[in-house]
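Here the structure is laid out as structure tokens; the discussion comes afterwards.
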Amino acid sequence: MLHTLVILVEDKPGVLNRVASLFRRRAFNIESLTVGHTHTEGLSRMTVTVEGDEHHIERLTSYLYKLVNVIQIEDLTGKQMVTRDLALIKVNTASEKRSEIFQMVEVFRARIVDVTSHSVIVEITGDGEKIDGFVDVLRPLGIVEMVRTGAIAMERGSDSLINTSELLFDSAAVA
Amino acid sequence: MKRTGAQIVWECLVKEGVQVVFGYPGGANLPIYDAMRAYPGIHHVLPRHEQGGAHMADGYARVSGKVGVAMGTSGPGATNLVTGIATAQMDSIPMVFITGQVSSKLIGYDAFQETDVTGITLPITKHNYLVTDVNDIMPALREAFYVARSGRPGPVLVDITKDAQQAVVENWQYDASPIRLKGYRPDLRPASASLQKAIELINSASRPLILAGHGVLMSNAMQELRGFAEKANAPVAVTLLGIGALPASHPLNLGMMGMHGETWVNHAVQEADLLLAFGMRFDDRVTGNLKTYAPNAKKIHIEIDPSEINKNVKVDVSLVGDLKDILRQVNPLVKPGERAEWLNHIADMKGDSAVRDIQNLPDNGHLYAAHVINDLWRFTGRDTVITTDVGQHQMWAAQYFRMDKPHRWVTSGGLGTMGFGLPAAIGAKFASPQSEVWTVVGDGGFQMTMPELCTAAQEGIKVNVAIINNGFLGMVRQWQEFFYDKNYESTPMKSPDFVKIAEANGLKGIRVTERSQVEAAIREAQAADGTVVIDFRVEQEDSVYPMVPAGADLHAMIQRPSALVETPQDV
Ligand SMILES: Cc1ncc(C[n+]2csc(CCOP(=O)(O)OP(=O)(O)O)c2C)c(N)n1
């Protein structure tokens, strides 16, 4: 099953490489990976979606913890969470399907962010499934180019990942 | 005080208590060498190849318990270190590697001798640093030593650009404050509920078996292991790297388990109702086929590295943390046990040890490696350090040298690195100058790092070399014999005259072709002033028994067929 992991890492050169290299070396497949700053200086946050069963993910998590620059890992799978993916899709509008495209943009609550005489760029945010659905309906209408960010995720509710960080170092959580 | 980056490197090494560094100079680390003379408290050893230097520092670390330090220049100097780094990583050896790197403004331009060393060593180090700013040298080195020796130890590499070595800090001061890294917690503790559960399993087991690994030695938990075993009357099997965790002469020590473990040891694993894995990682060479491994046993795993828990073998209870600390909590709660039935059963499997004593075999005119090792054990003191290379001789040394002391057995386990033996012995001698040091090597692996003989000669140190010379890459030949229809492809090996090689290095060389000459040769080597090389011309097609073929069931061993008996069934 697809797992969504949030990984807090030190914001230092080479850390992304360390994490990505670990996935490769231990033969885990990354579905998507995003990385960006947090509100705390020196801390970056990765969201990784990865395929695997519980045992796989446990192993992966304990390997990730062995990286000196990795501070905390949270598996959000099965928890109440918000996930978002963003896509920019350039669609050909020269055809007679033009109005159909605009209609779909409406239905999916996407936005048109660039217009030329024969193309538009559509921006859409949402969870992965919603974007997949949108892409499916646009595909027959003529997608010229597309880019997706990959998922970012956050647990719902008032708790913060960072506040609970000390707790995680009890090995009972791992064993 | 005013210090260059290069001086800061040495200042930090002094502060870490480093006494010996094994290194090789070149363009990108010349500033470090230029600054060396002002730090006479640190002895520098020049190997003949950076790999040799790495293994020396490794042998030094294994025997001393301190962090071993090796250095090299950029590019080929660093790539030559790679095998030594990977060897240390697989065996969890605390080491710091310091490499020179081209100047920071040249990085990324394929400059002369530029190699992405932090990239290359990423998967084979515990952690590594690329330092391009002189102000980062001290923090990186302090962290490197801290990371290398804490938690599950391992090698850390610090790659320092030449311009950082040359730059000057006007008001440099050593920072002696404690190190705290955001994402690194080496001090894990087991949950008390798990402790409770472990104690229950231990006290209710009737056929417990302790599997003692390298972790016992790394954690210095030898006393605690012994205390546990004696109180519970639990027999102990050791891994290849666990040799020395409990004296070989201790009645509860069954010997080595795994691919070349004795039959009764592996049968004990398969029949146990409780396995207590102390600082070991269920390597495939130890378990054989996982599907049939110890089918009746509950399993308790005490281990400092959480990623080892449930990695190869699913366990019932895991206690994550320092083994010594954990045993100190566990031992008082262990109920004294008799377990006579279990111990008697194992003794029955073992049979009459007089029958198995190879000393009792008559001299049939052949020179067997087992006899050489056995004699080496008989005629050397208890404090002797044995390092080995990799192959048949390594397994024979593990089987026949009954190591009673900890930190005296030095062998490349996880990586199985040929060429390890001689340089590791040189490093071991620096760690324990008062000890007699022998390296047991094959004719193949010895030739991989043979030039280090001259390093020993230059340093004027004495390590004795026992070449188990069978004219083959013996372990591979054995696999070809057993599993490839005796197709001895590329395993027969011609060697130089090792006696002359010794002499060419200004050392003594001795040749032994008969069993009756073994003792005299060992005594002669011991009496000589410097390093001595003995070329033992042993049986060419002898094999290591018992053997669990790779991936086979642990109890499905190939038994000894020859007169060189070890179990009563063989007689
Ligand atoms: C660097 C390296 N290359 C290849 C091997 C594979 N290998 C394992 S044992 C062995 C044979 C070693 O022969 P020798 O050194 O003569 O020792 P023997 O087995 O005869 O005692 C080989 C080639 C290895 N372990 N390390």
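Residues in the structure tokens are numbered from 1 in each chain, the chains being A, B, ... in the order shown, and ligands are numbered from 1 in the order shown.
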Practice task
Give the residue list for ligand 1 at 6 Å, counting only C-alpha atoms and all ligand atoms, as a PyMOL selection string, sorted by chain and then by residue number.
Solution key: chain B and resi 390-393+416-418+442-445+470+472-476
Exercise for the section: Please report, as a ChimeraX atom specification, each residue of segment 242-414 of chain B to which DSSP assigns strand (DSSP E or B) when run on this structure's backbone. Expected result: /B:253-256,274-278,298-303,317-320,385-388,409-410
Would you write out those residues with N, CA and C atoms, as an mmCIF file, in the first residue's frame?
```cif
data_model
loop_
_atom_site.group_PDB
_atom_site.id
_atom_site.type_symbol
_atom_site.label_atom_id
_atom_site.label_comp_id
_atom_site.auth_asym_id
_atom_site.auth_seq_id
_atom_site.Cartn_x
_atom_site.Cartn_y
_atom_site.Cartn_z
ATOM 1 N N ASN B 253 30.898 -22.086 26.658
ATOM 2 C CA ASN B 253 31.145 -21.593 25.299
ATOM 3 C C ASN B 253 31.185 -22.761 24.322
ATOM 4 N N LEU B 254 30.180 -22.830 23.448
ATOM 5 C CA LEU B 254 30.099 -23.948 22.506
ATOM 6 C C LEU B 254 30.998 -23.744 21.304
ATOM 7 N N GLY B 255 31.323 -22.491 20.999
ATOM 8 C CA GLY B 255 32.125 -22.205 19.811
ATOM 9 C C GLY B 255 31.321 -21.437 18.783
ATOM 10 N N MET B 256 31.857 -21.422 17.574
ATOM 11 C CA MET B 256 31.280 -20.575 16.519
ATOM 12 C C MET B 256 30.074 -21.240 15.858
ATOM 13 N N LEU B 274 14.713 -20.903 23.159
ATOM 14 C CA LEU B 274 14.870 -19.445 23.297
ATOM 15 C C LEU B 274 16.246 -19.028 22.775
ATOM 16 N N LEU B 275 16.253 -18.133 21.814
ATOM 17 C CA LEU B 275 17.520 -17.565 21.344
ATOM 18 C C LEU B 275 17.669 -16.176 21.945
ATOM 19 N N LEU B 276 18.838 -15.936 22.529
ATOM 20 C CA LEU B 276 19.128 -14.619 23.079
ATOM 21 C C LEU B 276 20.220 -13.999 22.218
ATOM 22 N N ALA B 277 19.826 -13.136 21.305
ATOM 23 C CA ALA B 277 20.797 -12.539 20.384
ATOM 24 C C ALA B 277 21.367 -11.284 21.027
ATOM 25 N N PHE B 278 22.635 -11.370 21.392
ATOM 26 C CA PHE B 278 23.303 -10.257 22.072
ATOM 27 C C PHE B 278 24.255 -9.566 21.103
ATOM 28 N N LYS B 298 11.638 -18.986 20.700
ATOM 29 C CA LYS B 298 11.298 -17.580 20.866
ATOM 30 C C LYS B 298 12.604 -16.809 20.734
ATOM 31 N N LYS B 299 12.512 -15.563 20.381
ATOM 32 C CA LYS B 299 13.739 -14.815 20.146
ATOM 33 C C LYS B 299 13.723 -13.470 20.871
ATOM 34 N N ILE B 300 14.826 -13.222 21.576
ATOM 35 C CA ILE B 300 15.017 -11.922 22.219
ATOM 36 C C ILE B 300 16.240 -11.280 21.578
ATOM 37 N N HIS B 301 16.087 -10.060 21.138
ATOM 38 C CA HIS B 301 17.195 -9.396 20.442
ATOM 39 C C HIS B 301 17.618 -8.173 21.251
ATOM 40 N N ILE B 302 18.852 -8.178 21.724
ATOM 41 C CA ILE B 302 19.393 -6.992 22.396
ATOM 42 C C ILE B 302 20.407 -6.368 21.456
ATOM 43 N N GLU B 303 20.144 -5.134 21.061
ATOM 44 C CA GLU B 303 20.879 -4.573 19.940
ATOM 45 C C GLU B 303 20.791 -3.050 20.007
ATOM 46 N N VAL B 317 10.857 -10.305 21.335
ATOM 47 C CA VAL B 317 11.118 -9.138 22.179
ATOM 48 C C VAL B 317 12.400 -8.477 21.698
ATOM 49 N N SER B 318 12.364 -7.167 21.608
ATOM 50 C CA SER B 318 13.604 -6.473 21.275
ATOM 51 C C SER B 318 13.915 -5.470 22.369
ATOM 52 N N LEU B 319 15.189 -5.434 22.738
ATOM 53 C CA LEU B 319 15.644 -4.455 23.720
ATOM 54 C C LEU B 319 16.702 -3.616 23.014
ATOM 55 N N VAL B 320 16.340 -2.382 22.699
ATOM 56 C CA VAL B 320 17.261 -1.529 21.956
ATOM 57 C C VAL B 320 18.068 -0.678 22.927
ATOM 58 N N VAL B 385 47.535 -11.532 19.871
ATOM 59 C CA VAL B 385 46.554 -11.000 18.922
ATOM 60 C C VAL B 385 46.660 -11.805 17.631
ATOM 61 N N ILE B 386 45.527 -12.272 17.153
ATOM 62 C CA ILE B 386 45.495 -12.959 15.863
ATOM 63 C C ILE B 386 44.680 -12.106 14.895
ATOM 64 N N THR B 387 45.301 -11.714 13.799
ATOM 65 C CA THR B 387 44.497 -11.124 12.733
ATOM 66 C C THR B 387 44.478 -12.139 11.606
ATOM 67 N N THR B 388 43.435 -12.082 10.796
ATOM 68 C CA THR B 388 43.387 -13.030 9.683
ATOM 69 C C THR B 388 43.100 -12.298 8.394
ATOM 70 N N TRP B 409 41.109 -10.875 18.681
ATOM 71 C CA TRP B 409 40.755 -11.574 17.446
ATOM 72 C C TRP B 409 40.286 -10.523 16.445
ATOM 73 N N VAL B 410 41.025 -10.379 15.334
ATOM 74 C CA VAL B 410 40.770 -9.295 14.388
ATOM 75 C C VAL B 410 40.577 -9.887 13.000
#
```
Practice task
Record the distance separating atom CA of Leu157 of chain B and atom CA of Glu11 of chain B, expressed in Å with one decimal.
Solution key: 17.5 Å
Restrict the calculation to only C-alpha atoms, then for each residue of chain B with any atom at most 6 Å from an atom of chain A give the closest atom pair and their distance in Å to one decimal, rows by chain and rising residue number, as CSV.
```
residue,atom,partner,partner_atom,distance
B:Gly183,CA,A:Ile71,CA,3.9
B:Tyr184,CA,A:Val68,CA,5.2
B:Leu188,CA,A:Ser171,CA,5.8
B:Pro190,CA,A:Ser171,CA,5.9
B:Ala191,CA,A:Ala172,CA,5.2
B:Ser307,CA,A:Ser62,CA,4.8
```
Problem - Those of chain A in DSSP alpha helix (DSSP H), formatted as an MDAnalysis selection string - result: chainID A and resid 15:25 54:66 98:107 128:142
Handout entry: Test item: residues at most 8 Å from Pro153 of chain B, only C-alpha atoms, excluding those fewer than 3 positions along its chain, as a PyMOL selection string
Key = chain B and resi 92-94+126+147-150
Selection to disk with C-alpha atoms, as a short mmCIF file (atom, residue, chain, number, x, y, z; two decimals), in the first residue's frame:
```
data_model
loop_
_atom_site.label_atom_id
_atom_site.label_comp_id
_atom_site.auth_asym_id
_atom_site.auth_seq_id
_atom_site.Cartn_x
_atom_site.Cartn_y
_atom_site.Cartn_z
CA SER B 92 30.95 -1.28 12.82
CA ILE B 93 34.50 -0.10 13.52
CA PRO B 94 34.94 3.42 14.94
CA LYS B 126 28.16 6.16 9.03
CA VAL B 147 29.57 9.96 15.65
CA ALA B 148 32.25 7.35 14.91
CA ARG B 149 32.44 6.08 18.48
CA SER B 150 28.88 6.54 19.78
#
```
